[in-house]
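Participant: The structure's right below; bear with me while I get my questions together.
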Amino acid sequence: MTGEYVLEGLAVPESLNLLHDLLERAGREHPDLDGADLMLFETAVIEVAGNVVEHGRPHGGVAWTFRLAVLPDRLEATLSDSGEEYPGGTWGTAMPDDPMQETGRGLPLATAVLDDLGYRRTGESNHWTMLRRRG
Amino acid sequence: MTDPSTAVLQPTGRLNMVAAPAFKHLVEETVASGQARIVVDLGEVTFIDSSGLGALISGLKATRQAGGDLRIADVPEQVMTVLRLTNLDRVLRAHTTVADASDDW
């Protein structure tokens with residue numbers, strides 16, 4: 001069973017809860033989907049989206065479209081946003097060296113739970129692609 | 001028996017970028033009111049993200065600077081997974097219950 005979901009909105013903190021709701025709905029509509037797979041994918045989606053909320057410019061004025069596909073062998077999502085080009089360029093898998101550091105764990109956490117995390121810039125948009133193979 | 005210098009905080013739902021600032025503020029206010037030993041009961045938290053982790057770390061620092069500590073109890077699966085993946089399980093050890101966490105400061 002496959003399913004596709006789309007959510008459009010503004011990249012602001014409150015929109016994160018709509019993403020959570022969408023992923024929970026996808027889980028309810030796909031009872032065959034392993035709870036751990038969904039939980040880890042949700043973790044990654046929220047981190048990537050949170051990164052756009054925090055670093056997307058102009059701050060508070062970035063629009064996004066989230067697309068999720070629940071496929072027999074994998075979960076795939078793309079988050080496309082209208083913000084300026086992501087300045088990070090690359091991102092690592094390394095957690096902060098200092099455990100008392102309060103930030104810097106978002107994208108490393110997303111990387112840790114995904115089989116693939118990609119970023120590309122096309123035209124005026126950023127595209128974050130997320131893939132997790134179902135266990 | 002609850003020590004008066006110990007506070008138990010019970011966030012509920014999603015401890016994400018929306019809720020984390022308020023939770024961080026609550027911890028700061030609790031420490032400022034003289035309660036530097038804080039147990040965070042996570043039993044009703046359904047999801048945590050890196051913002052929520054940041055708020056817990058912030059609280060850990062605030063309590064320790066005031067001579068206390070911050071401990072976590074009744075940690076759900078998603079939170080435990082995220083703590084392990086970020087290596088924060090080494091600084092935020094999970095206690096089974098609030099009573100267990102409140103023991104032996």
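Note on naming: chains are A, B, ... as they come in the structure tokens, residues start from 1 per chain, ligands start from 1 in the order shown.
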Compute the chain B side of the contact with chain A at 9 Å, counting only C-alpha atoms, and hand it back as a PyMOL selection string.
Facilitator: chain B and resi 14+16-18+47-51+53-58+60-61+78+81-82+85-88+90-91
Participant: Could those selected residues go to a file with N, CA, C and O atoms, as a CSV table (one decimal), in the first residue's frame?
Facilitator:
chain,number,residue,atom,x,y,z
B,14,ARG,N,4.5,17.3,22.8
B,14,ARG,CA,5.7,17.4,22.0
B,14,ARG,C,6.7,18.4,22.6
B,14,ARG,O,6.3,19.6,22.6
B,16,ASN,N,9.2,20.2,21.4
B,16,ASN,CA,9.9,20.6,20.2
B,16,ASN,C,10.1,22.1,20.2
B,16,ASN,O,10.0,22.7,21.2
B,17,MET,N,10.4,22.6,19.0
B,17,MET,CA,10.8,24.0,18.9
B,17,MET,C,9.7,24.9,19.3
B,17,MET,O,9.9,26.1,19.8
B,18,VAL,N,8.4,24.4,19.3
B,18,VAL,CA,7.3,25.3,19.8
B,18,VAL,C,7.3,25.3,21.3
B,18,VAL,O,7.1,26.4,21.9
B,47,PHE,N,7.2,13.3,22.1
B,47,PHE,CA,8.2,13.5,21.0
B,47,PHE,C,9.2,14.5,21.5
B,47,PHE,O,8.7,15.5,22.1
B,48,ILE,N,10.4,14.3,21.3
B,48,ILE,CA,11.4,15.4,21.6
B,48,ILE,C,12.3,15.6,20.4
B,48,ILE,O,12.6,14.7,19.6
B,49,ASP,N,12.7,16.9,20.1
B,49,ASP,CA,13.6,17.2,19.0
B,49,ASP,C,14.8,17.8,19.6
B,49,ASP,O,15.0,17.9,20.9
B,50,SER,N,15.7,18.3,18.8
B,50,SER,CA,17.0,18.8,19.3
B,50,SER,C,16.8,20.1,20.1
B,50,SER,O,17.6,20.4,20.9
B,51,SER,N,15.7,20.8,19.8
B,51,SER,CA,15.4,22.0,20.6
B,51,SER,C,15.0,21.6,22.0
B,51,SER,O,15.4,22.3,23.0
B,53,LEU,N,16.0,18.8,23.5
B,53,LEU,CA,17.3,18.4,24.1
B,53,LEU,C,18.0,19.6,24.6
B,53,LEU,O,18.6,19.6,25.7
B,54,GLY,N,18.1,20.7,23.8
B,54,GLY,CA,18.8,21.9,24.2
B,54,GLY,C,18.2,22.5,25.4
B,54,GLY,O,19.0,22.9,26.3
B,55,ALA,N,16.9,22.4,25.6
B,55,ALA,CA,16.3,22.9,26.8
B,55,ALA,C,16.6,22.1,28.0
B,55,ALA,O,16.8,22.7,29.1
B,56,LEU,N,16.7,20.8,27.8
B,56,LEU,CA,17.2,19.9,29.0
B,56,LEU,C,18.6,20.2,29.3
B,56,LEU,O,18.9,20.3,30.5
B,57,ILE,N,19.5,20.4,28.3
B,57,ILE,CA,20.9,20.7,28.6
B,57,ILE,C,21.0,22.1,29.3
B,57,ILE,O,21.8,22.2,30.3
B,58,SER,N,20.2,23.0,28.8
B,58,SER,CA,20.2,24.3,29.4
B,58,SER,C,19.8,24.2,30.9
B,58,SER,O,20.4,24.9,31.8
B,60,LEU,N,20.1,21.6,32.8
B,60,LEU,CA,21.1,20.8,33.5
B,60,LEU,C,22.2,21.8,34.0
B,60,LEU,O,22.7,21.8,35.1
B,61,LYS,N,22.6,22.7,33.0
B,61,LYS,CA,23.6,23.7,33.4
B,61,LYS,C,23.1,24.7,34.5
B,61,LYS,O,23.8,25.0,35.4
B,78,GLN,N,10.9,7.1,22.2
B,78,GLN,CA,11.5,8.1,21.2
B,78,GLN,C,12.5,9.0,21.9
B,78,GLN,O,13.5,9.3,21.3
B,81,THR,N,15.7,7.0,22.5
B,81,THR,CA,16.4,6.8,21.2
B,81,THR,C,17.2,8.0,20.8
B,81,THR,O,18.4,8.0,20.5
B,82,VAL,N,16.5,9.2,21.0
B,82,VAL,CA,17.2,10.4,20.6
B,82,VAL,C,18.3,10.8,21.6
B,82,VAL,O,19.4,11.2,21.1
B,85,LEU,N,21.2,8.5,20.4
B,85,LEU,CA,21.8,8.9,19.1
B,85,LEU,C,22.7,10.2,19.3
B,85,LEU,O,23.6,10.4,18.5
B,86,THR,N,22.3,11.0,20.2
B,86,THR,CA,23.1,12.2,20.4
B,86,THR,C,24.1,12.1,21.5
B,86,THR,O,24.8,13.1,21.8
B,87,ASN,N,24.3,10.9,22.1
B,87,ASN,CA,25.2,10.6,23.1
B,87,ASN,C,24.9,11.4,24.4
B,87,ASN,O,25.7,11.4,25.3
B,88,LEU,N,23.7,12.0,24.5
B,88,LEU,CA,23.3,12.7,25.7
B,88,LEU,C,22.9,11.8,26.8
B,88,LEU,O,22.7,12.3,28.0
B,90,ARG,N,24.7,10.0,28.2
B,90,ARG,CA,25.8,10.0,29.1
B,90,ARG,C,25.7,11.1,30.2
B,90,ARG,O,26.3,10.9,31.3
B,91,VAL,N,25.1,12.2,29.8
B,91,VAL,CA,25.0,13.3,30.8
B,91,VAL,C,23.6,13.4,31.4
B,91,VAL,O,23.4,14.0,32.4
Participant: Among region 32-66 of chain B, which ones does DSSP assign to strand (DSSP E) (computed from the backbone)? Answer as a CSV table (one decimal) with N, CA, C and O atoms, in the first residue's frame.
Facilitator:
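Dumped to states.csv:
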chain,number,residue,atom,x,y,z
B,37,ARG,N,17.2,21.5,42.5
B,37,ARG,CA,17.1,20.0,42.2
B,37,ARG,C,15.8,19.8,41.5
B,37,ARG,O,14.8,19.9,42.1
B,38,ILE,N,16.0,19.4,40.2
B,38,ILE,CA,14.8,19.3,39.4
B,38,ILE,C,14.7,17.9,38.8
B,38,ILE,O,15.7,17.4,38.2
B,39,VAL,N,13.6,17.3,38.9
B,39,VAL,CA,13.3,16.0,38.2
B,39,VAL,C,12.3,16.3,37.1
B,39,VAL,O,11.3,16.9,37.4
B,40,VAL,N,12.7,16.0,35.9
B,40,VAL,CA,11.8,16.1,34.8
B,40,VAL,C,11.2,14.8,34.5
B,40,VAL,O,11.8,13.8,34.1
B,41,ASP,N,9.9,14.7,34.7
B,41,ASP,CA,9.1,13.5,34.5
B,41,ASP,C,8.7,13.6,33.0
B,41,ASP,O,7.8,14.4,32.6
B,45,VAL,N,5.6,12.9,27.6
B,45,VAL,CA,6.2,13.6,26.4
B,45,VAL,C,6.1,12.6,25.3
B,45,VAL,O,6.6,11.4,25.4
B,46,THR,N,5.5,13.0,24.2
B,46,THR,CA,5.3,12.0,23.0
B,46,THR,C,6.4,12.1,22.0
B,46,THR,O,6.6,11.2,21.2
B,47,PHE,N,7.2,13.3,22.1
B,47,PHE,CA,8.2,13.5,21.0
B,47,PHE,C,9.2,14.5,21.5
B,47,PHE,O,8.7,15.5,22.1
B,48,ILE,N,10.4,14.3,21.3
B,48,ILE,CA,11.4,15.4,21.6
B,48,ILE,C,12.3,15.6,20.4
B,48,ILE,O,12.6,14.7,19.6
Participant: Rounded to one decimal, what separation in Å do you get between CA of Gln35 (chain B) and CA of Gly67 (chain B)?
Facilitator: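 Computing the Euclidean distance for CA of Gln35 (chain B) and CA of Gly67 (chain B) yields 9.9 Å.
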Participant: Please extract the residues of chain B with a backbone DSSP assignment of alpha helix (DSSP H) and present them as a PyMOL selection string.
Facilitator: chain B and resi 20-32+50-65+77-85+98-102
Participant: Considering only C-alpha atoms, return as a list in words whatever protein or nucleic-acid residues lie within 9 Å of Phe23 (chain B), sequence-local ones (same chain, fewer than 2 positions apart) excluded.
Facilitator: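 Listed by chain and then number, they are Pro11, Leu15, Ala19, Ala20, Pro21, His25, Leu26, Val27, Glu28, Gly52, Ala55 and Leu56 of chain B.
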Participant: Write out as an MDAnalysis selection string which residues come within 10 Å of Arg64 (chain B) when counting only C-alpha atoms, dropping same-chain ones fewer than 4 positions away.
Facilitator: chainID B and resid 31 36:37 59:60 68:70
Participant: Please save C-alpha atoms of the selected residues as a CSV table (one decimal), in the first residue's frame.
Facilitator:
chain,number,residue,atom,x,y,z
B,31,VAL,CA,16.0,27.5,39.8
B,36,ALA,CA,17.9,23.7,42.1
B,37,ARG,CA,17.1,20.0,42.2
B,59,GLY,CA,18.3,23.2,32.6
B,60,LEU,CA,21.1,20.8,33.5
B,68,GLY,CA,21.8,21.3,42.2
B,69,ASP,CA,21.1,18.9,39.4
B,70,LEU,CA,18.6,18.0,36.7
Participant: I'd like the contact shell of region 70-72 of chain A - 9 Å cut-off, only C-alpha atoms, skipping same-chain residues fewer than 3 positions apart - returned as a list in words.
Facilitator: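 Once the nearby chain positions are removed, what remains is Met1, Thr2, Gly3, Glu4, Tyr5, Ala26, His30, Leu33, Leu75, Glu76, Ala77 and Arg134 of chain A.
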Participant: Excluding His59 (chain A) and its own-chain neighbours fewer than 3 positions away, which residues fall within 10 Å of it when counting only C-alpha atoms? Please give them as a list in words.
Facilitator: Ala11, Val12, Val52, Val53, Glu54, His55, Gly56, Val62, Gly83 and Glu84 of chain A
Participant: Report the distance between CA of Val98 (chain B) and CA of Ile72 (chain B) in Å, rounded to one decimal place.
Facilitator: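 Taking CA of Val98 (chain B) and CA of Ile72 (chain B), their separation equals 7.8 Å.
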Participant: Show me, as a VMD selection string, the residues that have an atom within 12 Å of Ser33 (chain B) when counting only C-alpha atoms, minus same-chain residues fewer than 6 positions from it.
Facilitator: chain B and resid 4 to 7 26 to 27 63 66
Participant: Using the selection just defined, write its residues with C-alpha atoms as an mmCIF file, in the first residue's frame.
Facilitator:
data_model
loop_
_atom_site.group_PDB
_atom_site.id
_atom_site.type_symbol
_atom_site.label_atom_id
_atom_site.label_comp_id
_atom_site.auth_asym_id
_atom_site.auth_seq_id
_atom_site.Cartn_x
_atom_site.Cartn_y
_atom_site.Cartn_z
ATOM 1 C CA PRO B 4 11.289 21.193 49.446
ATOM 2 C CA SER B 5 14.361 22.024 47.412
ATOM 3 C CA THR B 6 13.320 19.461 44.811
ATOM 4 C CA ALA B 7 10.907 20.324 42.024
ATOM 5 C CA LEU B 26 10.110 27.268 33.474
ATOM 6 C CA VAL B 27 13.329 25.536 34.527
ATOM 7 C CA THR B 63 20.692 23.657 38.103
ATOM 8 C CA ALA B 66 23.042 26.743 41.431
#
